[in-house]
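Presented below is the structure to which this report refers.
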Amino acid sequence: MVQVGTMTDPAGRLQIQIAASANGTSVRLGSSRPVAAARLFVGRDAASAVRLLPSLFSVCSVAQSSACAAALEEAAGQPAPHSVQVRRVRLLAAEALREHLWRILLDWPLALGEGPADQAMRDVMGRFGRWRSALTQGGDPLQPHPWRAADEDDGRSAASEAAQREALEGLASLAAAQVLGRAPGAWLAEVGDAEALTAWAARGDTLAARLVRRLLEAGWGGLGRCGVPPLPPPERAVLAARLSGAAADDFVGRPSWAGQVRETSPFTRNLSQPLIAELVGRFGNGLVTRLAAQLVEIARLLADPDSLRESHGMAGEDAVGLPHGVGMGLVPAARGLLVHRLALADDRLVDYRILAPTEWNFHPQGVVASGLAALVDAAGADADWLGRLFVIAVDPCVPFDLSFVG
Amino acid sequence: MCLAIPAQIVAIDDSTQAATVALGDVTKIVSLALIDDVAVGDYVLLHVGYALSKISAEEAERTLALMVEAGLVEAAPTSSTDGAEAR
């Protein structure tokens, strides 16, 4: 067994310090996240990277494996067949649902002084596992196409379809009972604007409805509103260039786009949904808009998991040819856009970079830093729990410490 | 990049559904509310205060070796051959 010495926290932590002064509130954001861990794959062959990746990144392993597969396929000039890409999107949807439901069931209750819904989350994990098994029957779609066994089918059997449907229906019933108060499709049809959200929150007895009600009644809907813009669909050639060379280390640690900090999240990818568009007019990118975006996303993914394909990064039509042996995979991960860029020479990886959504959203000048400063100025005595809820609403993939100093 | 860290269960408190887990010199308390059938000595993946899933000792070893190689955790200064001791 490998002997491990002194451990800090290898997954990394976020340190968020809030300081009030005569000049206003400032937020200092530090991260110990291992943003250069992808270097580990440099020098290995492609098959080893594919094998090792899910062990290392086991929380978001679907998104990581999917981005890796897409990048290797581009580098090899052999895109995956449509049926494989469909199953990848469904796996990504399943993982995003599991991660969002984790926050909603385990962390949102803490804001109201209630305990986490552990039993419901256990059910989510079990149903996620069954959905994933159904999607990987007959061959794992996360294997990059050029490295797959030739005899694998595409998992399109009737048994696989039935098992997928059953797992999805189970998750939809659970979300209806525990979160939305009605079937996902019915919730989307009913809660289409701010007024309908207010009515749903007023009548609902799920934790999510009660939390939104509390925030709306207290006039806290726009808390944490700030001007950090969404990350636009990135131009592939520009993105690929920024992910190579010496400056790439800085870029993956503190990314910006066109000279500005940006956000990529469930909120930014649901901006065109009617409810979110209207809430932005009322509350900007504040607290209730963010929580509502997460509810909209789970409802959409449960009603139609394939809708995740509409999120930028999956289309591929803008694929600009990268140099031979270079590939880039962009996928809508639970918390925002995830990008892998790699370079292959004689089947050995000579470069590998990963750009994850938490680095955009928890940039020292990003949406959490700006939003929290605004929230603290407005929230007064409630700044601590509302600040924590705001961080949870943006959703880092690692633990965080929030403290008030000075 | 959501790393999940493998750690070994060293004690279980059934009354609170919590376990003490060890990785390197550090022990911490995590919730067992999301998984079944774990016992002292098992390896589990941790994520923000919860044990996420049970993994085999071999898988834990492979993942920890990767993490040591990536510089995410420090290797112990002396080596031992006892697989059960990851202290």
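Residue names in the structure tokens use chain letters A, B, ... in the order shown, residue numbers from 1 in each chain, and ligand numbers from 1 in the order shown.
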
Among region 235-375 of chain A, which ones does DSSP assign to strand (DSSP E) (computed from the backbone)? Answer as a ChimeraX atom specification.
/A:326-333,336-345,348-355

Name the closest residue to Val48 (chain B) among the candidates B:Asp36, B:Gly71, B:Ala60, B:Ser31; distances are taken between atoms, counting only C-alpha atoms.
B:Ser31

CA of Arg13 (chain A) to CA of Leu40 (chain A), straight-line distance in Å:
20.4 Å

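In this structure, CA of Leu29 (chain A) sits 9.5 Å away from CA of Leu402 (chain A).
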
Using only C-alpha atoms, which residues sit within 12 Å of Arg28 (chain A) once same-chain residues fewer than 5 positions away are excluded, as number ranges by chain?
A: 14-20, 362-366, 368-370, 372-373, 401-405

Within 7 Å of region 100-111 of chain A using only C-alpha atoms, minus same-chain residues under 4 positions, as a list in words:
Ala96, Gly115, Pro116, Ala117, Asp118, Met121, Leu207, Gln294, Trp385 and Leu389 of chain A

Distance query Gly49 (chain B) at most 10 Å, only C-alpha atoms, self and fewer than 4 positions along chain excluded, as number ranges by chain:
A: 399; B: 18, 28-32

Convert the current residue selection to file output with N, CA and C atoms, as a PDB file, in the first residue's frame.
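Full text of result.pdb as output:
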ATOM      1  N   PRO A 399     -14.906  21.899  -0.618  1.00  0.00           N
ATOM      2  CA  PRO A 399     -15.386  22.590   0.590  1.00  0.00           C
ATOM      3  C   PRO A 399     -14.870  24.040   0.642  1.00  0.00           C
TER       4      PRO A 399
ATOM      5  N   ALA B  18     -21.821   8.050  11.650  1.00  0.00           N
ATOM      6  CA  ALA B  18     -20.590   8.756  11.301  1.00  0.00           C
ATOM      7  C   ALA B  18     -19.404   7.811  11.446  1.00  0.00           C
ATOM      8  N   LYS B  28     -10.448  12.354  10.194  1.00  0.00           N
ATOM      9  CA  LYS B  28     -11.600  13.248  10.245  1.00  0.00           C
ATOM     10  C   LYS B  28     -12.877  12.439  10.363  1.00  0.00           C
ATOM     11  N   ILE B  29     -13.926  13.143  10.780  1.00  0.00           N
ATOM     12  CA  ILE B  29     -15.232  12.500  10.932  1.00  0.00           C
ATOM     13  C   ILE B  29     -16.039  12.771   9.660  1.00  0.00           C
ATOM     14  N   VAL B  30     -16.605  11.710   9.116  1.00  0.00           N
ATOM     15  CA  VAL B  30     -17.456  11.897   7.931  1.00  0.00           C
ATOM     16  C   VAL B  30     -18.781  11.178   8.143  1.00  0.00           C
ATOM     17  N   SER B  31     -19.776  11.596   7.401  1.00  0.00           N
ATOM     18  CA  SER B  31     -21.094  10.962   7.488  1.00  0.00           C
ATOM     19  C   SER B  31     -21.132   9.702   6.629  1.00  0.00           C
ATOM     20  N   LEU B  32     -21.778   8.670   7.160  1.00  0.00           N
ATOM     21  CA  LEU B  32     -21.986   7.440   6.395  1.00  0.00           C
ATOM     22  C   LEU B  32     -23.421   7.355   5.881  1.00  0.00           C
TER      23      LEU B  32
END

If we count only C-alpha atoms, what is near Leu3 (chain B) at a cut-off of 7 Å, once residues fewer than 5 positions away on the same chain are taken out, given as a short mmCIF file (atom, residue, chain, number, x, y, z; two decimals) with C-alpha atoms, in the first residue's frame?
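This went into out.cif:
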data_model
loop_
_atom_site.label_atom_id
_atom_site.label_comp_id
_atom_site.auth_asym_id
_atom_site.auth_seq_id
_atom_site.Cartn_x
_atom_site.Cartn_y
_atom_site.Cartn_z
CA ALA A 11 -8.94 18.05 -3.19
CA LEU A 56 -8.55 10.75 -9.90
CA PHE A 57 -11.63 12.80 -10.65
CA SER A 58 -14.22 10.42 -9.29
CA VAL A 59 -16.80 13.03 -8.25
#

Helix (DSSP H, G or I) per DSSP on the backbone: members of region 236-298 of chain A, as a VMD selection string:
chain A and resid 236 to 242 248 to 253 266 to 269 274 to 283 287 to 298

Extract, using only C-alpha atoms, all DNA, RNA and protein residues at most 6 Å from Val228 (chain A), discarding same-chain residues fewer than 2 positions from it, and format them as a CSV table (one decimal) with N, CA and C atoms, in the first residue's frame.
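Resulting contents of selection_31.csv:
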chain,number,residue,atom,x,y,z
A,226,CYS,N,-24.4,41.2,-9.2
A,226,CYS,CA,-23.2,41.9,-9.6
A,226,CYS,C,-23.1,41.9,-11.1
A,262,ARG,N,-15.5,36.1,-15.9
A,262,ARG,CA,-16.7,35.6,-16.5
A,262,ARG,C,-17.3,34.5,-15.6
A,367,VAL,N,-17.5,36.2,-9.9
A,367,VAL,CA,-18.9,36.4,-9.5
A,367,VAL,C,-19.1,36.2,-8.0

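Put simply, CA of Trp360 (chain A) is 6.8 Å away from CA of Arg254 (chain A).
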
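Compared by their closest atoms to Val10 (chain B), and using only C-alpha atoms, the residues B:Gly24, B:Ser53, B:Ala33, B:Val40 rank with B:Val40 nearest.
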